[in-house]
>>> print(open('run_8.csv').read())   # CSV, C-alpha atoms
chain,number,residue,atom,x,y,z
A,734,MET,CA,23.5,-3.8,-12.0
A,735,SER,CA,24.0,-7.5,-12.4
A,736,LYS,CA,20.9,-9.7,-12.4
A,737,ASN,CA,22.8,-12.2,-10.2
A,738,GLU,CA,23.7,-9.6,-7.6
A,739,LYS,CA,22.4,-10.7,-4.2
A,740,ILE,CA,20.2,-8.5,-2.2
A,741,LYS,CA,20.5,-8.2,1.5
A,742,TYR,CA,17.2,-8.3,3.4
A,743,SER,CA,16.9,-4.8,5.0
A,744,GLY,CA,13.9,-5.3,7.2
A,745,VAL,CA,12.7,-1.9,6.0
A,746,GLY,CA,9.2,-1.3,4.7
A,747,GLY,CA,7.2,1.8,3.8
A,748,GLU,CA,4.1,3.4,2.4
A,749,ALA,CA,3.6,6.3,0.0
A,750,LEU,CA,1.6,9.2,1.5
A,751,ILE,CA,0.3,12.5,0.3
A,752,GLU,CA,3.5,14.5,-0.6
A,753,GLY,CA,5.5,12.1,1.6
A,754,ILE,CA,6.7,8.6,2.6
A,755,MET,CA,6.4,6.6,5.7
A,756,MET,CA,9.2,4.2,6.5
A,757,LYS,CA,9.6,1.5,9.2
A,758,GLY,CA,12.9,0.1,10.1
A,759,PRO,CA,15.4,-0.8,12.8
A,760,ASN,CA,15.0,2.5,14.5
A,761,GLY,CA,11.2,2.7,14.5
A,762,ALA,CA,9.1,4.6,12.0
A,763,ALA,CA,9.3,8.0,10.5
A,764,ILE,CA,7.3,10.2,8.1
A,765,ALA,CA,9.1,12.5,5.6
A,766,CYS,CA,6.9,15.1,3.9
A,767,ARG,CA,7.7,17.7,1.3
A,768,MET,CA,6.3,20.9,2.8
A,769,PRO,CA,4.8,23.8,0.8
A,770,ASP,CA,8.0,25.8,1.3
A,771,GLY,CA,10.1,23.1,-0.2
A,772,THR,CA,11.7,21.8,2.9
A,773,ILE,CA,11.4,18.2,4.1
A,774,ASP,CA,9.7,17.6,7.5
A,775,ILE,CA,10.7,14.5,9.4
A,776,THR,CA,8.4,13.2,12.1
A,777,ARG,CA,9.6,10.1,14.0
A,778,LYS,CA,6.8,7.8,15.2
A,779,GLU,CA,6.7,5.3,18.0
A,780,VAL,CA,5.5,1.9,16.8
A,781,HIS,CA,3.8,-0.4,19.3
A,782,SER,CA,2.5,-3.9,18.4
A,783,VAL,CA,0.4,-6.4,20.3
A,784,THR,CA,2.9,-9.0,19.2
A,785,ASP,CA,5.5,-7.4,21.5
A,786,LYS,CA,3.4,-8.4,24.5
A,787,CYS,CA,2.9,-12.0,23.3
A,788,LYS,CA,5.6,-13.9,21.5
A,789,LEU,CA,3.1,-16.5,20.3
A,790,LEU,CA,1.6,-13.8,18.0
A,791,LYS,CA,4.9,-13.5,16.2
A,792,ALA,CA,4.7,-17.2,15.1
A,793,PRO,CA,4.4,-17.9,11.3
A,794,PHE,CA,0.8,-18.0,10.0
A,795,ILE,CA,-0.3,-16.1,13.1
A,796,ARG,CA,1.6,-12.9,12.6
A,797,GLY,CA,0.3,-12.2,9.1
A,798,PRO,CA,-3.3,-11.0,9.8
A,799,ILE,CA,-2.2,-9.1,12.9
A,800,ASN,CA,0.6,-7.2,11.1
A,801,PHE,CA,-1.8,-6.5,8.2
A,802,VAL,CA,-4.5,-4.9,10.5
A,803,GLU,CA,-1.9,-3.0,12.5
A,804,GLN,CA,-0.2,-1.7,9.4
A,805,MET,CA,-3.6,-0.6,7.9
A,806,ILE,CA,-4.4,1.4,11.1
A,807,PHE,CA,-0.9,2.9,11.3
A,808,GLY,CA,-0.8,3.7,7.6
A,809,TYR,CA,-4.1,5.4,7.7
A,810,LYS,CA,-3.0,7.6,10.6
A,811,CYS,CA,0.2,8.5,8.7
A,812,MET,CA,-1.8,9.3,5.6
A,813,MET,CA,-4.1,11.6,7.5
A,814,GLU,CA,-1.1,13.3,9.2
A,815,SER,CA,0.7,13.9,5.9
A,816,ALA,CA,-2.6,15.3,4.4
A,817,GLU,CA,-2.9,17.7,7.4
A,818,LYS,CA,0.7,18.8,7.0
A,819,THR,CA,1.0,19.3,3.3
A,820,ALA,CA,-2.5,19.5,1.7
A,821,PHE,CA,-4.8,21.0,4.2
A,822,ASP,CA,-3.9,24.5,5.4
A,823,THR,CA,-6.7,26.9,5.9
A,824,SER,CA,-4.7,29.5,7.8
A,825,ASP,CA,-4.1,31.7,4.7
A,826,THR,CA,-7.4,30.9,3.0
A,827,ASN,CA,-9.5,33.9,2.0
A,828,GLU,CA,-12.9,33.5,3.7
A,829,GLU,CA,-14.6,35.2,0.8
A,830,GLU,CA,-13.4,32.4,-1.4
A,831,MET,CA,-14.7,29.7,0.9
A,832,SER,CA,-18.1,28.2,0.3
A,833,LYS,CA,-20.7,28.3,3.2
A,834,LEU,CA,-20.2,24.6,3.7
A,835,ASP,CA,-16.4,24.9,3.8
A,836,LYS,CA,-16.6,27.8,6.3
A,837,TRP,CA,-19.0,25.9,8.5
A,838,LEU,CA,-16.7,22.8,8.5
A,839,ASN,CA,-13.7,24.9,9.2
A,840,ASP,CA,-15.3,26.8,12.1
A,841,HIS,CA,-16.7,23.7,13.8
A,842,LEU,CA,-14.1,21.1,13.0
A,843,GLY,CA,-10.9,23.1,12.3
A,844,PRO,CA,-7.8,20.9,12.4
A,845,LYS,CA,-9.9,17.8,13.0
A,846,MET,CA,-11.6,18.1,9.7
A,847,MET,CA,-9.2,15.8,7.9
A,848,ASN,CA,-9.7,13.1,10.6
A,849,VAL,CA,-13.5,13.3,10.3
A,850,ILE,CA,-13.4,13.3,6.5
A,851,GLY,CA,-10.9,10.5,6.6
A,852,GLY,CA,-13.0,8.4,9.0
A,853,ILE,CA,-16.1,8.8,6.8
A,854,ALA,CA,-14.1,7.9,3.7
A,855,MET,CA,-12.7,4.8,5.4
A,856,VAL,CA,-16.1,3.5,6.4
A,857,LEU,CA,-17.5,4.2,2.9
A,858,GLY,CA,-14.4,2.7,1.4
A,859,CYS,CA,-14.8,-0.6,3.3
A,860,ALA,CA,-18.4,-0.8,2.3
A,861,LEU,CA,-17.6,-0.1,-1.3
A,862,ALA,CA,-14.7,-2.7,-1.2
A,863,PHE,CA,-17.1,-5.3,0.1
A,864,LEU,CA,-19.6,-4.5,-2.6
A,865,ILE,CA,-17.1,-4.5,-5.5
A,866,PHE,CA,-14.7,-7.3,-4.5
A,867,PHE,CA,-17.1,-9.7,-2.7
A,868,TYR,CA,-20.7,-9.3,-3.7
A,869,LEU,CA,-20.3,-8.2,-7.3
A,870,PRO,CA,-18.0,-11.0,-8.5
A,871,THR,CA,-20.1,-13.6,-6.6
A,872,LYS,CA,-23.4,-12.3,-8.1
A,873,ALA,CA,-22.0,-11.8,-11.5
A,874,SER,CA,-20.6,-15.4,-11.6
A,875,ASP,CA,-24.0,-16.7,-10.7
A,876,LEU,CA,-25.6,-14.8,-13.5
A,877,ILE,CA,-23.0,-16.1,-16.0
A,878,ASN,CA,-23.5,-19.7,-14.8
A,879,ASN,CA,-27.3,-19.6,-14.6
A,880,TYR,CA,-28.2,-17.6,-17.7
A,881,LEU,CA,-25.3,-17.9,-20.1
A,882,ALA,CA,-24.0,-21.4,-19.3
A,883,ASN,CA,-27.2,-23.1,-18.1
A,884,GLY,CA,-25.7,-24.2,-14.8
A,885,THR,CA,-22.8,-26.1,-16.4
A,886,LEU,CA,-20.0,-24.1,-14.7
A,887,ASP,CA,-20.8,-25.0,-11.1
A,888,ARG,CA,-17.3,-26.6,-10.5
A,889,TYR,CA,-15.6,-23.5,-12.0
A,890,ILE,CA,-17.4,-20.9,-10.0
A,891,PRO,CA,-14.5,-20.1,-7.6
A,892,LEU,CA,-12.2,-19.7,-10.6
A,893,ILE,CA,-14.6,-17.4,-12.4
A,894,GLU,CA,-15.2,-15.3,-9.2
A,895,GLY,CA,-11.4,-15.0,-8.6
A,896,LEU,CA,-10.7,-14.0,-12.2
A,897,MET,CA,-13.4,-11.4,-12.1
A,898,ARG,CA,-12.1,-10.0,-8.8
A,899,MET,CA,-8.6,-9.7,-10.4
A,900,ILE,CA,-10.0,-7.9,-13.4
A,901,ILE,CA,-12.0,-5.5,-11.3
A,902,PHE,CA,-9.0,-4.8,-9.1
A,903,VAL,CA,-6.7,-4.1,-12.1
A,904,ALA,CA,-9.3,-2.0,-13.8
A,905,TYR,CA,-10.0,0.0,-10.6
A,906,MET,CA,-6.3,0.6,-10.0
A,907,TRP,CA,-5.7,1.6,-13.6
A,908,GLY,CA,-8.6,4.1,-13.4
A,909,VAL,CA,-7.4,5.6,-10.1
A,910,SER,CA,-3.9,5.9,-11.6
A,911,GLN,CA,-5.1,8.3,-14.2
A,912,MET,CA,-5.9,10.9,-11.5
A,913,SER,CA,-3.2,13.6,-11.3
A,914,ASP,CA,-3.0,13.6,-7.5
A,915,ILE,CA,-2.8,9.8,-7.4
A,916,LYS,CA,0.0,9.8,-10.0
A,917,ARG,CA,2.1,11.9,-7.7
A,918,VAL,CA,1.4,9.5,-4.8
A,919,PHE,CA,2.5,6.6,-7.1
A,920,LYS,CA,5.7,8.5,-7.7
A,921,TYR,CA,6.3,8.6,-4.0
A,922,HIS,CA,5.6,4.8,-4.0
A,923,GLY,CA,8.3,4.4,-6.7
A,924,ALA,CA,10.7,6.5,-4.6
A,925,GLU,CA,10.0,4.3,-1.5
A,926,HIS,CA,10.9,1.1,-3.4
A,927,LYS,CA,14.0,2.6,-5.0
A,928,SER,CA,15.3,3.9,-1.7
A,929,ILE,CA,14.8,0.4,-0.1
A,930,PHE,CA,16.6,-1.3,-3.0
A,931,CYS,CA,19.5,1.2,-2.6
A,932,VAL,CA,19.9,0.1,1.0
A,933,GLU,CA,19.5,-3.6,0.1
A,934,HIS,CA,22.3,-3.3,-2.5
A,935,GLY,CA,24.6,-1.8,0.1
A,936,LEU,CA,24.9,1.5,-1.8
A,937,GLU,CA,25.2,5.0,-0.4
A,938,LEU,CA,21.9,6.8,-0.2
A,939,THR,CA,22.3,9.5,-2.9
A,940,VAL,CA,19.9,10.7,-5.5
A,941,GLU,CA,22.0,9.2,-8.2
A,942,ASN,CA,22.2,5.8,-6.6
A,943,VAL,CA,18.5,5.7,-5.8
A,944,ARG,CA,17.5,6.8,-9.3
A,945,LYS,CA,19.3,3.7,-10.8
A,946,GLN,CA,17.2,1.2,-8.8
A,947,LYS,CA,14.2,-0.6,-9.9
A,948,ARG,CA,10.8,0.6,-8.7
A,949,PHE,CA,9.3,-2.9,-8.6
A,950,HIS,CA,9.8,-4.6,-5.2
A,951,PRO,CA,8.6,-8.2,-4.3
A,952,ARG,CA,7.7,-7.2,-0.8
A,953,CYS,CA,5.2,-4.5,-1.9
A,954,GLY,CA,1.6,-4.6,-0.7
A,955,THR,CA,0.5,-4.8,-4.3
A,956,SER,CA,2.2,-8.2,-4.5
A,957,PHE,CA,0.6,-9.2,-1.3
A,958,ILE,CA,-2.9,-8.4,-2.7
A,959,PHE,CA,-2.3,-10.5,-5.8
A,960,ILE,CA,-1.0,-13.4,-3.8
A,961,THR,CA,-4.1,-13.3,-1.6
A,962,LEU,CA,-6.3,-13.2,-4.7
A,963,ILE,CA,-4.7,-16.3,-6.1
A,964,LEU,CA,-4.9,-18.1,-2.8
A,965,SER,CA,-8.6,-17.1,-2.5
A,966,ILE,CA,-9.2,-19.0,-5.7
A,967,VAL,CA,-7.4,-22.1,-4.5
A,968,ILE,CA,-9.1,-22.2,-1.1
A,969,SER,CA,-12.5,-21.3,-2.5
A,970,SER,CA,-12.2,-24.2,-5.0
A,971,LEU,CA,-11.3,-26.6,-2.1
A,972,ILE,CA,-14.4,-25.4,-0.1
A,973,ASN,CA,-16.5,-25.8,-3.2
A,974,VAL,CA,-15.2,-29.4,-3.6
A,975,ILE,CA,-15.7,-30.3,0.0
A,976,PHE,CA,-19.1,-28.6,0.4
A,977,PRO,CA,-20.6,-28.7,-3.2
A,978,ASP,CA,-24.1,-27.6,-2.0
A,979,LEU,CA,-22.9,-24.7,0.2
A,980,ARG,CA,-23.1,-22.1,-2.5
A,981,ALA,CA,-26.5,-23.3,-3.8
A,982,THR,CA,-27.9,-23.1,-0.2
A,983,SER,CA,-27.3,-19.4,0.3
A,984,LEU,CA,-25.3,-16.8,-1.6
A,985,TRP,CA,-24.8,-14.8,1.6
A,986,LEU,CA,-23.6,-17.9,3.5
A,987,TRP,CA,-21.1,-18.5,0.7
A,988,ILE,CA,-19.9,-14.8,1.0
A,989,ALA,CA,-19.7,-15.1,4.8
A,990,VAL,CA,-17.5,-18.2,4.6
A,991,LYS,CA,-15.2,-16.4,2.1
A,992,VAL,CA,-14.9,-13.5,4.5
A,993,LEU,CA,-14.2,-15.7,7.4
A,994,MET,CA,-11.4,-17.4,5.4
A,995,LEU,CA,-9.6,-14.1,4.9
A,996,PRO,CA,-7.4,-14.4,8.0
A,997,LEU,CA,-6.1,-17.8,6.8
A,998,ILE,CA,-5.6,-16.5,3.3
A,999,MET,CA,-3.7,-13.4,4.6
A,1000,SER,CA,-1.6,-15.5,6.9
A,1001,ILE,CA,-0.4,-17.7,4.0
A,1002,GLY,CA,0.1,-14.7,1.7
A,1003,TYR,CA,2.1,-12.8,4.3
A,1004,GLU,CA,4.6,-15.7,4.7
A,1005,CYS,CA,4.9,-16.0,0.9
A,1006,ILE,CA,5.8,-12.3,0.7
A,1007,ARG,CA,8.4,-12.7,3.4
A,1008,ILE,CA,10.0,-15.6,1.5
A,1009,ALA,CA,9.9,-13.7,-1.8
A,1010,GLY,CA,11.6,-10.7,-0.1
A,1011,LYS,CA,14.4,-12.8,1.3
A,1012,HIS,CA,15.1,-15.3,-1.5
A,1013,ASP,CA,15.6,-15.1,-5.2
A,1014,ASN,CA,14.7,-18.3,-7.0
A,1015,PHE,CA,12.2,-19.7,-9.5
A,1016,LEU,CA,9.5,-20.1,-6.9
A,1017,THR,CA,9.8,-16.7,-5.4
A,1018,ARG,CA,10.0,-15.1,-8.9
A,1019,PHE,CA,6.8,-16.9,-9.8
A,1020,LEU,CA,5.0,-15.8,-6.7
A,1021,SER,CA,6.2,-12.2,-7.2
A,1022,ALA,CA,5.5,-11.9,-10.9
A,1023,PRO,CA,1.8,-10.8,-10.8
A,1024,GLY,CA,2.4,-8.2,-8.2
A,1025,LEU,CA,5.5,-6.9,-10.0
A,1026,LEU,CA,3.5,-6.5,-13.2
A,1027,MET,CA,0.8,-4.7,-11.2
A,1028,GLN,CA,3.4,-2.3,-9.8
A,1029,ARG,CA,3.8,-0.9,-13.3
A,1030,ILE,CA,0.4,0.8,-12.5
A,1031,THR,CA,0.8,1.5,-8.8
A,1032,THR,CA,4.4,3.0,-9.0
A,1033,LYS,CA,5.7,5.7,-11.2
A,1034,GLU,CA,9.2,7.0,-11.9
A,1035,PRO,CA,9.9,9.7,-9.3
A,1036,GLU,CA,11.7,13.0,-9.9
A,1037,ASP,CA,14.7,13.9,-7.9
A,1038,ASP,CA,12.8,16.0,-5.4
A,1039,ILE,CA,10.6,13.0,-4.6
A,1040,ILE,CA,13.6,10.7,-4.4
A,1041,GLU,CA,15.1,13.1,-1.8
A,1042,VAL,CA,12.0,12.6,0.4
A,1043,GLY,CA,12.5,8.8,0.1
A,1044,ILE,CA,16.2,9.2,1.2
A,1045,ALA,CA,15.2,11.4,4.2
A,1046,ALA,CA,12.6,8.9,5.3
A,1047,ILE,CA,14.8,5.8,5.1
A,1048,LYS,CA,17.7,7.5,6.7
A,1049,ALA,CA,15.5,8.4,9.7
A,1050,VAL,CA,14.8,4.7,10.4
A,1051,ILE,CA,18.2,3.0,9.6
A,1052,GLU,CA,20.6,5.5,11.2
A,1053,PRO,CA,20.9,6.7,14.8
A,1054,ILE,CA,18.9,9.9,15.4
A,1055,GLU,CA,22.0,12.0,16.0
A,1056,GLU,CA,23.4,11.0,12.6
A,1057,THR,CA,20.2,11.9,10.7
A,1058,GLU,CA,19.5,15.3,12.0
A,1059,THR,CA,22.1,17.1,9.9
A,1060,PRO,CA,21.6,15.2,6.6
A,1061,VAL,CA,17.9,15.8,6.8
A,1062,ASP,CA,18.4,19.5,7.1
A,1063,GLU,CA,20.9,19.5,4.3
A,1064,THR,CA,18.5,17.6,2.1
A,1065,ALA,CA,15.8,20.1,2.8
A,1066,GLU,CA,18.1,23.0,1.9
A,1067,LYS,CA,19.3,21.3,-1.2
A,1068,SER,CA,15.7,20.6,-2.3
A,1069,ASP,CA,15.0,24.4,-2.1
A,1070,LYS,CA,17.9,25.0,-4.5
A,1071,THR,CA,17.4,22.1,-6.9
A,1072,ASP,CA,13.6,21.9,-7.2
A,1073,ASP,CA,13.0,22.7,-10.9
A,1074,GLY,CA,9.2,22.5,-10.7
A,1075,ASP,CA,8.9,19.3,-12.7
A,1076,THR,CA,5.2,18.5,-13.5
A,1077,ASP,CA,3.5,15.2,-13.3
A,1078,GLU,CA,4.1,12.8,-16.1
A,1079,GLY,CA,1.9,9.9,-17.2
>>> encode(input="run_8.csv", output="structure tokens")
Amino acid sequence: MSKNEKIKYSGVGGEALIEGIMMKGPNGAAIACRMPDGTIDITRKEVHSVTDKCKLLKAPFIRGPINFVEQMIFGYKCMMESAEKTAFDTSDTNEEEMSKLDKWLNDHLGPKMMNVIGGIAMVLGCALAFLIFFYLPTKASDLINNYLANGTLDRYIPLIEGLMRMIIFVAYMWGVSQMSDIKRVFKYHGAEHKSIFCVEHGLELTVENVRKQKRFHPRCGTSFIFITLILSIVISSLINVIFPDLRATSLWLWIAVKVLMLPLIMSIGYECIRIAGKHDNFLTRFLSAPGLLMQRITTKEPEDDIIEVGIAAIKAVIEPIEETETPVDETAEKSDKTDDGDTDEG
């Protein structure tokens, strides 16, 4: 494929799930999951946004934070649904093999167990994210400045904080990527990107065509995170210049101001991602470069059976429903015949 080949903006985005992929496109959203029996289950989802009720909320620099929050909520629900469908089935579980705690949870919560566990995990995850990505870099930069540099790095504190946050994020994602279950999710992430690229290059959605595509996409959420990290350094530096005594007054006040600046940072980052996804020039390549490098960790090369799930998911959101029913069924039947049981690779 030529480097100069133009890519058509598809308006399709997605998310890797547990043994599946969620796609959003012109025909709404859909979840494609590889079921334990080898078939591909397609569930179409209705997507409603608060921006549909108020056009003002679709304006640039306003839509970013709203879309981000809505996508987080919707993506979480899709993740829990895929987990229930593919990774949580107690119907055939031998009660003798279940621990007392497992049996109690199953008897009292049943199908709702994944939602309860997921809700607890989300709360704990948010608390842990605040601790790791806000408090820890801020506290650590203070220690470095006060005890190692004798207070000579005051003007560079936002830069030190930002760099530490990036290092922590990269180290965290690399550590998570070593888990076998996460490696498989990252393969679905790669299949999602490859499927979208196949559509954007105007090619037929076949396993062969999708396999040839790159797995690094400029509109990925990973790129969005890196852009927001870079923007946070710039904006924090400006705040530090305008209010030089703010950080010295109260560490928690400084953290609170940074948290309150998140909507502004996300709004700018969102517009940058949209521009990078629609245009290919020096500026957009520069904006996308950190995120594309990070995707070498957060995406893996998918096997053909995973690519088939990506194809099924994207077909469900770009083709009329009556045209996708038969291909989805055919894909599922083919998967049963071609699945060679490939194992996860590093």
>>> atom_distance(input="run_8.csv", atom1="atom CA of A:Gln1028", atom2="atom CA of A:Ile966")
21.3 Å
>>> closest_atom_pairs(input="run_8.csv", of="stretch 855-944 of chain A", to="stretch 989-993 of chain A", cutoff="12 Å", atoms="only C-alpha atoms", output="Markdown table")
| residue | atom | partner | partner_atom | distance |
| --- | --- | --- | --- | --- |
| A:Phe863 | CA | A:Val992 | CA | 9.6 |
| A:Phe866 | CA | A:Val992 | CA | 10.9 |
| A:Phe867 | CA | A:Val992 | CA | 8.4 |
| A:Tyr868 | CA | A:Ala989 | CA | 10.3 |
| A:Thr871 | CA | A:Lys991 | CA | 10.4 |
| A:Pro891 | CA | A:Lys991 | CA | 10.4 |
| A:Glu894 | CA | A:Lys991 | CA | 11.4 |
| A:Gly895 | CA | A:Lys991 | CA | 11.4 |
>>> residues_around(input="run_8.csv", residues="A:Lys927", least_positions_apart="3", cutoff="9 Å", atoms="all atoms listed in the file", output="list in words")
His922, Gly923, Ala924, Phe930, Cys931, Val932, Asn942, Val943, Arg944, Lys945, Gln946, Lys947, Arg948, Phe949, His950, Ile1040 and Gly1043 of chain A
>>> atom_distance(input="run_8.csv", atom1="atom CA of A:Ser874", atom2="atom CA of A:Ile893")
6.4 Å
>>> closest_residue(input="run_8.csv", among="A:Pro977, A:Gly908, A:Pro951, A:Gly771", to="A:Gly746", atoms="only C-alpha atoms")
A:Pro951
>>> closest_residue(input="run_8.csv", among="A:Leu869, A:Lys778, A:Pro1023, A:His1012", to="A:Trp985", atoms="all atoms listed in the file")
A:Leu869
>>> closest_residue(input="run_8.csv", among="A:His781, A:Arg888, A:Arg1007, A:Arg1018", to="A:Phe976", atoms="all atoms listed in the file")
A:Arg888
>>> closest_residue(input="run_8.csv", among="A:Ser983, A:Asn1014, A:Ser969, A:Thr1032", to="A:Glu925", atoms="all atoms listed in the file")
A:Thr1032
>>> atom_distance(input="run_8.csv", atom1="atom CA of A:Leu964", atom2="atom CA of A:Cys1005")
10.7 Å
>>> residues_around(input="run_8.csv", residues="A:Ser910", least_positions_apart="5", cutoff="8 Å", atoms="only C-alpha atoms", output="compact mmCIF listing (two decimals) with C-alpha atoms, in the frame of the given file")
# COMPACT_ATOMS: atom_id res chain seq x y z
CA ILE A 915 -2.80 9.80 -7.40
CA LYS A 916 0.00 9.80 -10.00
CA PHE A 919 2.50 6.60 -7.10
CA ILE A 1030 0.40 0.80 -12.50
CA THR A 1031 0.80 1.50 -8.80
>>> build_atoms(input="run_8.csv", residues="stretch 904-917 of chain A", atoms="N, CA and C atoms", output="compact mmCIF listing (two decimals), in the coordinates of the input")
# COMPACT_ATOMS: atom_id res chain seq x y z
N ALA A 904 -8.62 -3.08 -13.16
CA ALA A 904 -9.30 -2.00 -13.80
C ALA A 904 -9.50 -0.80 -12.85
N TYR A 905 -9.79 -1.10 -11.59
CA TYR A 905 -10.00 0.00 -10.60
C TYR A 905 -8.65 0.72 -10.38
N MET A 906 -7.55 -0.03 -10.19
CA MET A 906 -6.30 0.60 -10.00
C MET A 906 -5.82 1.41 -11.18
N TRP A 907 -6.07 0.89 -12.38
CA TRP A 907 -5.70 1.60 -13.60
C TRP A 907 -6.50 2.93 -13.67
N GLY A 908 -7.81 2.86 -13.37
CA GLY A 908 -8.60 4.10 -13.40
C GLY A 908 -8.18 5.10 -12.41
N VAL A 909 -7.87 4.64 -11.18
CA VAL A 909 -7.40 5.60 -10.10
C VAL A 909 -6.06 6.18 -10.54
N SER A 910 -5.21 5.39 -11.20
CA SER A 910 -3.90 5.90 -11.60
C SER A 910 -3.90 7.01 -12.57
N GLN A 911 -5.04 7.21 -13.21
CA GLN A 911 -5.10 8.30 -14.20
C GLN A 911 -5.40 9.65 -13.55
N MET A 912 -5.71 9.66 -12.26
CA MET A 912 -5.90 10.90 -11.50
C MET A 912 -4.59 11.57 -11.24
N SER A 913 -4.49 12.87 -11.48
CA SER A 913 -3.20 13.60 -11.30
C SER A 913 -2.65 13.48 -9.92
N ASP A 914 -3.50 13.63 -8.92
CA ASP A 914 -3.00 13.60 -7.50
C ASP A 914 -2.52 12.18 -7.18
N ILE A 915 -3.19 11.15 -7.69
CA ILE A 915 -2.80 9.80 -7.40
C ILE A 915 -1.48 9.46 -8.14
N LYS A 916 -1.29 10.02 -9.32
CA LYS A 916 0.00 9.80 -10.00
C LYS A 916 1.15 10.26 -9.19
N ARG A 917 0.96 11.37 -8.50
CA ARG A 917 2.10 11.90 -7.70
C ARG A 917 2.29 10.96 -6.46
